[in-house]
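Trainee: Have a look at this one.
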Amino acid sequence: MNESGKTKEFVIDNKFRFGEFLGESSISYRKIRFNDIVPAPSFSEDGKLVPPIQPRIKASPTEAVQILAPYISVRLWDQIVSVVPLALYMAVFQVLILRMAVQDPWVVSVGFFLVIIGLMLFLEGIKQGLMPFAETIGDLLPKKSPLWMVLLIAFLLGIGVTLAEPAVGALKAAGSIVDVHKAPYLYAMLNYHTTAVVLVVGAGVGVAAVLGSIRFLYGLRLKPFIYATTTVTLSLTYYMTGDPALEPMLGMAWDCGAVTTGPVTVPIVLALGIGIASSAGKGGGNLAGFGIVTMASLFPVIGMMLLGIYMAGSLDPQQIVTMASATSAMEPGLLSQTPLAEIITGLRAIVPLILFLFFILRYVVRSEARRTGYMVYGLTLSLIGIICFNIGLSYGLVSLGNQTGAMLPAAFTAVENLAERPLFGYYTGLFIALFFTWALGFSATLAEPALAALGITVENLTNGAFSKKNLLYTVALGVAFGVTMGLLKIIYGIPLGYLIIPGYLVCFMLTALSSEEMANVAWDSAGVTTGPVTVPVVLAIGLGFGSAVDAVEGFGILALASVGPIIAVLGMGLVVNRKVATSHGR
Amino acid sequence: MEEKEIFVLTDVSLITCIVQRGLADIVVNAATDAGAQGGTVYFARGYGIRERLGTLGVAIEAEKEVIMIVVSDEQADRVFERIYTTARLSTPGMGIMFVSRLEKAATYIPPEVIANMRRNRRKALGENG
């Protein structure tokens, strides 16, 4: 780089040839008058200014590369950072500690590659194609429609976004691993009634969206909502824990809450909620936008438990078992074969949501879709993205997670099909397995992009007393211990209720002690931690592990991973508050 | 009044640079490398070239970051050039930058700098008188 400051001093004292000076300074200035570039104004006959036609800019191929390269690389890198370390961690652990080669390494690698590409395309597509829809609707709908209509649409939208959530696919994939003889209702739920499951979960999110919007509208506090919802959820849990036929479904029901709050639901539901609040003139306040995530992760749990109770009342377990053995003997139909099945799931996830949003925009809000080109582009991307993601999910994430999960018990106990096991003594091996999951939960949480955004909000809310880094590590620790508890639950077959109910009771007490702001942040942090990469991996590990140690089911890890951060953040918040109070001399 | 004097900076320019969201850090770093003291960043939205680029427009973010950098007149060109090259402003859609002369500015000036300048001025006065 030139040092024009220095050159200037020389120029004053000595004479230099101008060419030499130009050679020194790498940049030469060429002046262009802006007037020469701007098109001259043209007037119509009656003297009105005719808006000039802006000429298209034709980018040369090199320029096109210069524009596209950063566009793609930034988005690709975001996904690589969240996926690759996790995959490597699992693979390295499997090879070095468990001394087992990764099965079908090429298939798994291609699967992971597809997950990265798929997530990149999907998220960019949602941003370009769906978000403008949701924002326009959130802005205009409350102005043009009566409240009941707005709330009805919020409810329906909740269902729509749940269908489109990529992690929901993982839940369905998990169904095939459940043992029909031990948990017939769970098996039936995940294999024959997936549509009902997804709809119930969606309805839960819908109710959450409605309540969240009402809360925004009237500026209600979140705490009473938390008390009311958790009381219902915990009583149902308590009831189901007591019934041996219902108990196996608890883990899945609670895990659903973590699955729903992903990269589609959160921004779209929030856009709607905030739009409703701001058009009612209540948009202010730094807490706007909190709480919906919390409720969107609690209501689906209630929904699933009710569905479970209903199914147990209406279905005969013997019938399910015979049905299961009949289907497993059948050849898989054309529609359930690999690429086609994923394409159909992809279409089923995105298309209804698009149609629904478009319908509302066109006939309820009566607004023209702006920038149609961008929307088509975005929707195409998200469609291709979710198909890639779904294929990668089955071959990469779920496959590797399942493998690792199935081999993990080999560290401390004898596993069939594997001779010369266990590898280590019981307690050493158990410690290794627990440490593996602990570190997995910790690192996967730190990589979650949504958490960083929450961290910044918290830092602003507390005027820096609760720093972003502090929150990141607190939440990650919470998840890590939660996941470890989940593993212990599977190993020793502890009923989930015994862990969840005390966990949430602690949350209850801490919430009562905490400020409204802290309560908002802490409860939301639980939903934020479980993104589209973490959820399938943790689910798969749990299920693989569960079937290897002969557990009834491998669900529940995610549920415990949600309690952990709530307790951790609330506790940390109290400590920070205490510190601030003492430093002010009280 | 408690404040007895205000130190006013003269010969200042403002460089304003508008780039796509997420690129402000690069611009501020380039500017500080070239001698600027720091920068202020805020979010904005911008339209125009995105629509005129046709299909390629999807690669350009409508969300922008605006960076304000106050520099001394002598630094202005150096910082200007450095930002231009690092932010690749010659590529379509990457952003725009402009320089405006400021009448005066005031901010924190380290006391030792002021003391030093006072000493120099006194010395110069002493030599003249």
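Residue numbers start at 1 in each chain; chains themselves are named A, B, ... in the order of the structure tokens; ligands are numbered from 1 in the order shown.
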Wanna dump the chain A-chain B contacts at 7 Å for me, each residue with its shortest atom pair and the distance in Å to one decimal, counting only C-alpha atoms, ordered by chain and number, as CSV?
Mentor:
residue,atom,partner,partner_atom,distance
A:Ser4,CA,B:Arg78,CA,7.0
A:Gly5,CA,B:Glu74,CA,7.0
A:Arg56,CA,B:Arg52,CA,4.9
A:Ile57,CA,B:Leu53,CA,5.2
A:Lys58,CA,B:Leu53,CA,6.9
A:Glu63,CA,B:Thr91,CA,6.3
A:Ile67,CA,B:Ala59,CA,6.8
A:Leu68,CA,B:Ala59,CA,6.2
A:Tyr71,CA,B:Ala59,CA,5.6
A:Tyr374,CA,B:Val58,CA,7.0
Trainee: Once DSSP has gone over the backbone, tell me which residues of chain B are in strand (DSSP E or B), as a PyMOL selection string.
Mentor: chain B and resi 9+12-20+40-45+63-72+95-102+105
Trainee: Could you give me the residues within segment 22-239 of chain A that DSSP places in helix (DSSP H, G or I), as an NGL selection string?
Mentor: :A and (22-24 or 34-37 or 61-97 or 105-144 or 147-164 or 168-177 or 184-191 or 194-218 or 222-239)
Trainee: Write out as a PyMOL selection string the residues lying within 8 Å of segment 478-490 of chain A, counting only C-alpha atoms and excluding same-chain residues fewer than 6 positions away.
Mentor: chain A and resi 434-435+437-442+445+496+529+542+545-546+551+553-554+556-558+560-569
Trainee: What does the distance from atom CA of Lys469 of chain A to atom CA of Ala453 of chain A come to in Å, to one decimal?
Mentor: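 That distance, rounded to one decimal, is 11.4 Å.
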Trainee: Neighbours of segment 98-105 of chain B within 9 Å (only C-alpha atoms; same-chain residues fewer than 6 positions away dropped), as a PyMOL selection string?
Mentor: chain B and resi 7-17+70+73+76+80
